[in-house]
Amino acid sequence: MFTVYVYILDTFADWELGYVIAELNSRRFFKENAPSVFVKTVSISKDPVKTMGGLTIIPDCVISNIAENEKSVLVLPGASTWDEPKHSAIIEKAKKLLTEGATVCAICGATAALANVGLLNQRLHTSNGMGYLEMYSPCYKGQPFYVEKPSVMDHNLITAGSTGALLWAKQIIERLEVFQPDTLEAWYNYFSSGKEQHFFALMQTLSTSKCNEITAF
């Protein structure tokens, strides 16, 4: 059983999370006997958080509730408020989770927050550009490990730039092994291209009962 903790903070980029949390929560393309996955929002308090899109979300739990084990997944979205000192608590938690073998997933501005405490200095990673990390993260020394791709997975760390949300979602799903490989490939091909042949390929990887359950994309 995996628990996916989605960190929410004011101004977070809600669209960056759409692909991954929708699939992990709905389980609509999960393989048979896939491990259970629970998606929870987490923040520094239970106070409501307003997204960049103007949605108001009440967190399910607080940072101290995050289990520090290899079955935990921490998802860190982009936001324009990552430089606020109060968010240092979740970055410290991310450090501990990486050490414990848990999975940490950061996109856009969250990668700068990780870079600023040295977490990207010895791991393959990406972001909105190397210059972006150098600009916003004074402690960043990970230039030799920077990869020019939309999303990069290095064992239990998955990073992405602001345009890499789809590939980031694919790599997170791959890490959790909740899709059949052919389902995941067809899913990614369809959403990255919009071509109907990939839609039909996706449907062919599913059981009849699963196909009948799916009503929206």
# chains A, B, ... in the order shown; residues from 1 in each chain; ligands from 1
>>> select_by_dssp(residues="range 14-197 of chain A", states="alpha helix (DSSP H)", output="count of residues only")
66
>>> closest_atom_pairs(of="range 81-179 of chain A", to="range 44-47 of chain A", cutoff="8 Å", atoms="only C-alpha atoms", output="tab-separated table")
residue	atom	partner	partner_atom	distance
A:Lys86	CA	A:Ile44	CA	7.8
A:His87	CA	A:Ile44	CA	7.5
A:Ala89	CA	A:Ile44	CA	7.8
A:Ile90	CA	A:Ile44	CA	7.9
>>> write_last_selection(atoms="N, CA, C and O atoms", output="short mmCIF file (atom, residue, chain, number, x, y, z; two decimals), in the first residue's frame")
data_model
loop_
_atom_site.label_atom_id
_atom_site.label_comp_id
_atom_site.auth_asym_id
_atom_site.auth_seq_id
_atom_site.Cartn_x
_atom_site.Cartn_y
_atom_site.Cartn_z
N LYS A 86 8.44 29.24 5.97
CA LYS A 86 7.59 28.22 6.60
C LYS A 86 7.59 26.89 5.83
O LYS A 86 7.26 25.85 6.40
N HIS A 87 7.98 26.93 4.56
CA HIS A 87 7.98 25.69 3.78
C HIS A 87 9.25 24.87 3.95
O HIS A 87 9.39 23.80 3.36
N ALA A 89 10.00 23.19 6.41
CA ALA A 89 9.65 21.95 7.13
C ALA A 89 9.40 20.80 6.16
O ALA A 89 9.81 19.66 6.41
N ILE A 90 8.74 21.07 5.05
CA ILE A 90 8.45 19.99 4.10
C ILE A 90 9.72 19.61 3.34
O ILE A 90 9.90 18.44 2.97
#
>>> residues_around(residues="range 126-130 of chain A", least_positions_apart="3", cutoff="8 Å", atoms="only C-alpha atoms", output="list of chain:residue names")
A:Ile107, A:Cys108, A:Thr111, A:Ala112, A:Leu133, A:Glu134, A:Gln143, A:Tyr146, A:Val147, A:Glu148, A:Lys149, A:Pro150, A:Ser151, A:Val152, A:Thr159, A:Ala160, A:Gly161, A:Ser162
>>> write_last_selection(atoms="all heavy atoms", output="CSV table (one decimal), in the first residue's frame")
chain,number,residue,atom,x,y,z
A,107,ILE,N,8.2,19.3,-9.1
A,107,ILE,CA,8.1,19.9,-10.4
A,107,ILE,C,8.2,21.5,-10.3
A,107,ILE,O,7.8,22.0,-9.2
A,107,ILE,CB,6.7,19.5,-11.0
A,107,ILE,CG1,6.6,20.0,-12.5
A,107,ILE,CG2,5.5,20.0,-10.2
A,107,ILE,CD1,5.4,19.4,-13.2
A,108,CYS,N,8.7,22.1,-11.3
A,108,CYS,CA,8.8,23.5,-11.4
A,108,CYS,C,9.5,24.1,-10.2
A,108,CYS,O,10.6,23.8,-9.8
A,108,CYS,CB,7.4,24.1,-11.7
A,108,CYS,SG,7.3,25.8,-12.2
A,111,THR,N,11.4,22.2,-7.5
A,111,THR,CA,12.8,21.8,-7.8
A,111,THR,C,13.8,22.8,-7.2
A,111,THR,O,14.9,22.4,-6.7
A,111,THR,CB,13.1,21.5,-9.3
A,111,THR,OG1,12.9,22.7,-10.0
A,111,THR,CG2,12.1,20.5,-9.8
A,112,ALA,N,13.5,24.0,-7.3
A,112,ALA,CA,14.4,25.1,-6.8
A,112,ALA,C,14.5,25.0,-5.3
A,112,ALA,O,15.6,25.2,-4.7
A,112,ALA,CB,13.9,26.5,-7.2
A,133,LEU,N,17.6,27.3,-11.9
A,133,LEU,CA,18.1,26.8,-10.6
A,133,LEU,C,19.2,27.7,-10.0
A,133,LEU,O,19.2,28.0,-8.8
A,133,LEU,CB,18.5,25.4,-10.7
A,133,LEU,CG,17.5,24.3,-11.0
A,133,LEU,CD1,18.1,22.9,-11.1
A,133,LEU,CD2,16.4,24.4,-9.9
A,134,GLU,N,20.1,28.2,-10.9
A,134,GLU,CA,21.2,29.0,-10.4
A,134,GLU,C,20.6,30.4,-9.9
A,134,GLU,O,21.2,31.0,-9.0
A,134,GLU,CB,22.2,29.2,-11.6
A,134,GLU,CG,22.9,28.0,-11.9
A,134,GLU,CD,23.7,28.1,-13.2
A,134,GLU,OE1,23.4,29.0,-14.0
A,134,GLU,OE2,24.7,27.3,-13.4
A,143,GLN,N,25.1,21.3,-11.3
A,143,GLN,CA,25.2,21.4,-12.8
A,143,GLN,C,25.6,20.2,-13.5
A,143,GLN,O,25.1,19.9,-14.6
A,143,GLN,CB,26.1,22.6,-13.1
A,143,GLN,CG,25.5,24.0,-12.8
A,143,GLN,CD,25.8,24.4,-11.4
A,143,GLN,OE1,26.2,23.6,-10.5
A,143,GLN,NE2,25.7,25.7,-11.1
A,146,TYR,N,22.6,17.9,-14.2
A,146,TYR,CA,21.4,18.4,-14.8
A,146,TYR,C,21.2,17.8,-16.1
A,146,TYR,O,22.1,17.6,-16.9
A,146,TYR,CB,21.5,20.0,-15.0
A,146,TYR,CG,20.2,20.6,-15.4
A,146,TYR,CD1,19.3,21.0,-14.5
A,146,TYR,CD2,19.9,20.7,-16.8
A,146,TYR,CE1,18.1,21.5,-14.9
A,146,TYR,CE2,18.6,21.2,-17.2
A,146,TYR,CZ,17.7,21.6,-16.2
A,146,TYR,OH,16.5,22.1,-16.6
A,147,VAL,N,19.9,17.4,-16.4
A,147,VAL,CA,19.5,16.7,-17.7
A,147,VAL,C,18.5,17.5,-18.4
A,147,VAL,O,17.5,17.9,-17.8
A,147,VAL,CB,19.0,15.3,-17.4
A,147,VAL,CG1,18.6,14.6,-18.7
A,147,VAL,CG2,20.0,14.5,-16.6
A,148,GLU,N,18.7,17.8,-19.7
A,148,GLU,CA,17.8,18.6,-20.5
A,148,GLU,C,16.7,17.8,-21.0
A,148,GLU,O,16.6,17.4,-22.2
A,148,GLU,CB,18.6,19.3,-21.6
A,148,GLU,CG,19.5,20.4,-21.2
A,148,GLU,CD,18.8,21.7,-20.9
A,148,GLU,OE1,17.6,21.8,-21.1
A,148,GLU,OE2,19.5,22.6,-20.5
A,149,LYS,N,15.8,17.4,-20.1
A,149,LYS,CA,14.6,16.7,-20.4
A,149,LYS,C,13.4,17.2,-19.6
A,149,LYS,O,13.6,17.8,-18.6
A,149,LYS,CB,14.8,15.2,-20.1
A,149,LYS,CG,15.7,14.5,-21.1
A,149,LYS,CD,15.8,13.0,-20.8
A,149,LYS,CE,16.7,12.3,-21.7
A,149,LYS,NZ,16.8,10.8,-21.4
A,150,PRO,N,12.1,17.0,-20.1
A,150,PRO,CA,11.0,17.5,-19.4
A,150,PRO,C,10.9,16.9,-18.0
A,150,PRO,O,10.4,17.6,-17.0
A,150,PRO,CB,9.8,17.1,-20.2
A,150,PRO,CG,10.4,16.9,-21.6
A,150,PRO,CD,11.7,16.4,-21.4
A,151,SER,N,11.3,15.7,-17.8
A,151,SER,CA,11.2,15.0,-16.5
A,151,SER,C,12.3,14.0,-16.4
A,151,SER,O,12.6,13.3,-17.4
A,151,SER,CB,9.8,14.4,-16.3
A,151,SER,OG,9.7,13.8,-15.0
A,152,VAL,N,12.8,13.8,-15.2
A,152,VAL,CA,13.9,12.9,-15.0
A,152,VAL,C,13.7,12.1,-13.7
A,152,VAL,O,13.4,12.7,-12.7
A,152,VAL,CB,15.3,13.7,-14.9
A,152,VAL,CG1,16.4,12.7,-14.5
A,152,VAL,CG2,15.6,14.3,-16.2
A,159,THR,N,12.1,14.6,-10.9
A,159,THR,CA,12.0,16.0,-11.0
A,159,THR,C,11.5,16.4,-12.4
A,159,THR,O,11.7,15.6,-13.4
A,159,THR,CB,13.3,16.7,-10.8
A,159,THR,OG1,14.3,16.1,-11.6
A,159,THR,CG2,13.7,16.5,-9.3
A,160,ALA,N,10.8,17.5,-12.5
A,160,ALA,CA,10.3,18.0,-13.8
A,160,ALA,C,10.3,19.5,-13.9
A,160,ALA,O,10.2,20.2,-12.9
A,160,ALA,CB,8.9,17.4,-14.0
A,161,GLY,N,10.4,20.0,-15.1
A,161,GLY,CA,10.1,21.4,-15.3
A,161,GLY,C,8.7,21.7,-15.5
A,161,GLY,O,7.8,20.8,-15.5
A,162,SER,N,8.3,22.9,-15.7
A,162,SER,CA,6.9,23.3,-15.7
A,162,SER,C,6.2,22.8,-16.9
A,162,SER,O,4.9,22.7,-16.8
A,162,SER,CB,6.8,24.9,-15.7
A,162,SER,OG,7.5,25.4,-16.8
>>> residues_around(residues="Phe2 in chain A", least_positions_apart="6", cutoff="10 Å", atoms="only C-alpha atoms", output="PyMOL selection string")
chain A and resi 35-39+69-73+102+176
>>> residues_around(residues="Ala201 in chain A", least_positions_apart="4", cutoff="10 Å", atoms="only C-alpha atoms", output="list in words")
Asp182, Thr183, Glu185, Ala186, Trp187, Asn189, Tyr190, Glu196, Gln197, Thr205 and Leu206 of chain A
>>> write_last_selection(atoms="N, CA, C and O atoms", output="PDB file, in the first residue's frame")
ATOM      1  N   ASP A 182       2.336  -1.892 -21.006  1.00  0.00           N
ATOM      2  CA  ASP A 182       1.713  -1.505 -22.274  1.00  0.00           C
ATOM      3  C   ASP A 182       0.595  -0.493 -22.063  1.00  0.00           C
ATOM      4  O   ASP A 182       0.373   0.396 -22.899  1.00  0.00           O
ATOM      5  N   THR A 183      -0.094  -0.576 -20.924  1.00  0.00           N
ATOM      6  CA  THR A 183      -1.118   0.425 -20.595  1.00  0.00           C
ATOM      7  C   THR A 183      -0.478   1.787 -20.396  1.00  0.00           C
ATOM      8  O   THR A 183      -0.957   2.805 -20.915  1.00  0.00           O
ATOM      9  N   GLU A 185       2.383   2.909 -21.540  1.00  0.00           N
ATOM     10  CA  GLU A 185       2.925   3.444 -22.785  1.00  0.00           C
ATOM     11  C   GLU A 185       1.810   4.007 -23.667  1.00  0.00           C
ATOM     12  O   GLU A 185       1.936   5.105 -24.231  1.00  0.00           O
ATOM     13  N   ALA A 186       0.699   3.267 -23.776  1.00  0.00           N
ATOM     14  CA  ALA A 186      -0.425   3.733 -24.589  1.00  0.00           C
ATOM     15  C   ALA A 186      -1.059   4.977 -23.977  1.00  0.00           C
ATOM     16  O   ALA A 186      -1.456   5.906 -24.687  1.00  0.00           O
ATOM     17  N   TRP A 187      -1.164   4.992 -22.662  1.00  0.00           N
ATOM     18  CA  TRP A 187      -1.707   6.168 -21.951  1.00  0.00           C
ATOM     19  C   TRP A 187      -0.869   7.395 -22.253  1.00  0.00           C
ATOM     20  O   TRP A 187      -1.402   8.448 -22.604  1.00  0.00           O
ATOM     21  N   ASN A 189       1.251   7.877 -24.761  1.00  0.00           N
ATOM     22  CA  ASN A 189       1.202   8.203 -26.184  1.00  0.00           C
ATOM     23  C   ASN A 189      -0.092   8.932 -26.541  1.00  0.00           C
ATOM     24  O   ASN A 189      -0.076   9.873 -27.347  1.00  0.00           O
ATOM     25  N   TYR A 190      -1.192   8.504 -25.948  1.00  0.00           N
ATOM     26  CA  TYR A 190      -2.466   9.150 -26.256  1.00  0.00           C
ATOM     27  C   TYR A 190      -2.491  10.592 -25.741  1.00  0.00           C
ATOM     28  O   TYR A 190      -2.812  11.525 -26.476  1.00  0.00           O
ATOM     29  N   GLU A 196      -5.986   9.028 -32.186  1.00  0.00           N
ATOM     30  CA  GLU A 196      -6.978   8.028 -31.776  1.00  0.00           C
ATOM     31  C   GLU A 196      -6.425   6.619 -31.744  1.00  0.00           C
ATOM     32  O   GLU A 196      -6.908   5.782 -30.980  1.00  0.00           O
ATOM     33  N   GLN A 197      -5.402   6.323 -32.549  1.00  0.00           N
ATOM     34  CA  GLN A 197      -4.864   4.963 -32.514  1.00  0.00           C
ATOM     35  C   GLN A 197      -4.301   4.618 -31.137  1.00  0.00           C
ATOM     36  O   GLN A 197      -4.346   3.469 -30.702  1.00  0.00           O
ATOM     37  N   THR A 205      -5.572  -2.642 -23.880  1.00  0.00           N
ATOM     38  CA  THR A 205      -4.756  -3.175 -22.780  1.00  0.00           C
ATOM     39  C   THR A 205      -5.592  -3.454 -21.536  1.00  0.00           C
ATOM     40  O   THR A 205      -5.083  -4.035 -20.573  1.00  0.00           O
ATOM     41  N   LEU A 206      -6.865  -3.042 -21.561  1.00  0.00           N
ATOM     42  CA  LEU A 206      -7.722  -3.149 -20.385  1.00  0.00           C
ATOM     43  C   LEU A 206      -8.729  -4.274 -20.530  1.00  0.00           C
ATOM     44  O   LEU A 206      -9.082  -4.670 -21.643  1.00  0.00           O
TER      45      LEU A 206
END
>>> atom_distance(atom1="CA of Glu16 in chain A", atom2="CA of Val117 in chain A")
22.8 Å
>>> residues_around(residues="Ala106 in chain A", least_positions_apart="6", cutoff="8 Å", atoms="only C-alpha atoms", output="ChimeraX atom specification")
/A:75-78,158-160
>>> write_last_selection(atoms="C-alpha atoms", output="PDB file, in the first residue's frame")
ATOM      1  CA  VAL A  75       4.545  15.167  -4.413  1.00  0.00           C
ATOM      2  CA  LEU A  76       5.713  18.785  -4.479  1.00  0.00           C
ATOM      3  CA  PRO A  77       4.033  21.109  -7.025  1.00  0.00           C
ATOM      4  CA  GLY A  78       5.280  24.401  -8.361  1.00  0.00           C
ATOM      5  CA  ILE A 158      11.600  12.411  -9.829  1.00  0.00           C
ATOM      6  CA  THR A 159      11.959  16.003 -11.002  1.00  0.00           C
ATOM      7  CA  ALA A 160      10.323  17.954 -13.801  1.00  0.00           C
TER       8      ALA A 160
END
>>> select_by_dssp(residues="chain A", states="strand (DSSP E)", output="PyMOL selection string")
chain A and resi 2-7+37-43+49-50+56-57+61-62+72-76+103-107+151-154+157-160
>>> atom_distance(atom1="CA of Phe179 in chain A", atom2="CA of Lys31 in chain A")
5.0 Å
>>> atom_distance(atom1="CA of Glu84 in chain A", atom2="CA of Pro59 in chain A")
18.5 Å
>>> residues_around(residues="range 22-28 of chain A", least_positions_apart="5", cutoff="9 Å", atoms="only C-alpha atoms", output="PDB file with C-alpha atoms, in the first residue's frame")
ATOM      1  CA  VAL A   4       0.797   9.673  -1.835  1.00  0.00           C
ATOM      2  CA  LEU A  17      -0.787  17.803 -10.531  1.00  0.00           C
ATOM      3  CA  VAL A  37      -2.799   3.820  -3.368  1.00  0.00           C
ATOM      4  CA  PHE A  38      -4.207   6.515  -1.096  1.00  0.00           C
ATOM      5  CA  VAL A  39      -3.876  10.155  -2.111  1.00  0.00           C
ATOM      6  CA  ALA A 169       3.116  11.661 -14.119  1.00  0.00           C
ATOM      7  CA  ILE A 173       3.152   5.824 -12.174  1.00  0.00           C
ATOM      8  CA  VAL A 178       0.394   0.282 -10.771  1.00  0.00           C
ATOM      9  CA  LYS A 210     -12.460  -1.714 -16.985  1.00  0.00           C
ATOM     10  CA  CYS A 211     -13.378  -0.314 -20.384  1.00  0.00           C
ATOM     11  CA  GLU A 213     -16.179   1.793 -16.254  1.00  0.00           C
ATOM     12  CA  ILE A 214     -14.359   4.587 -18.108  1.00  0.00           C
TER      13      ILE A 214
END
>>> closest_residue(among="A:Met1, A:Phe29, A:Ala115, A:Ala34", to="Met203 in chain A", atoms="only C-alpha atoms")
A:Phe29
>>> closest_residue(among="A:Leu74, A:Ile63, A:Ile58, A:Ile91", to="Leu157 in chain A", atoms="only C-alpha atoms")
A:Leu74
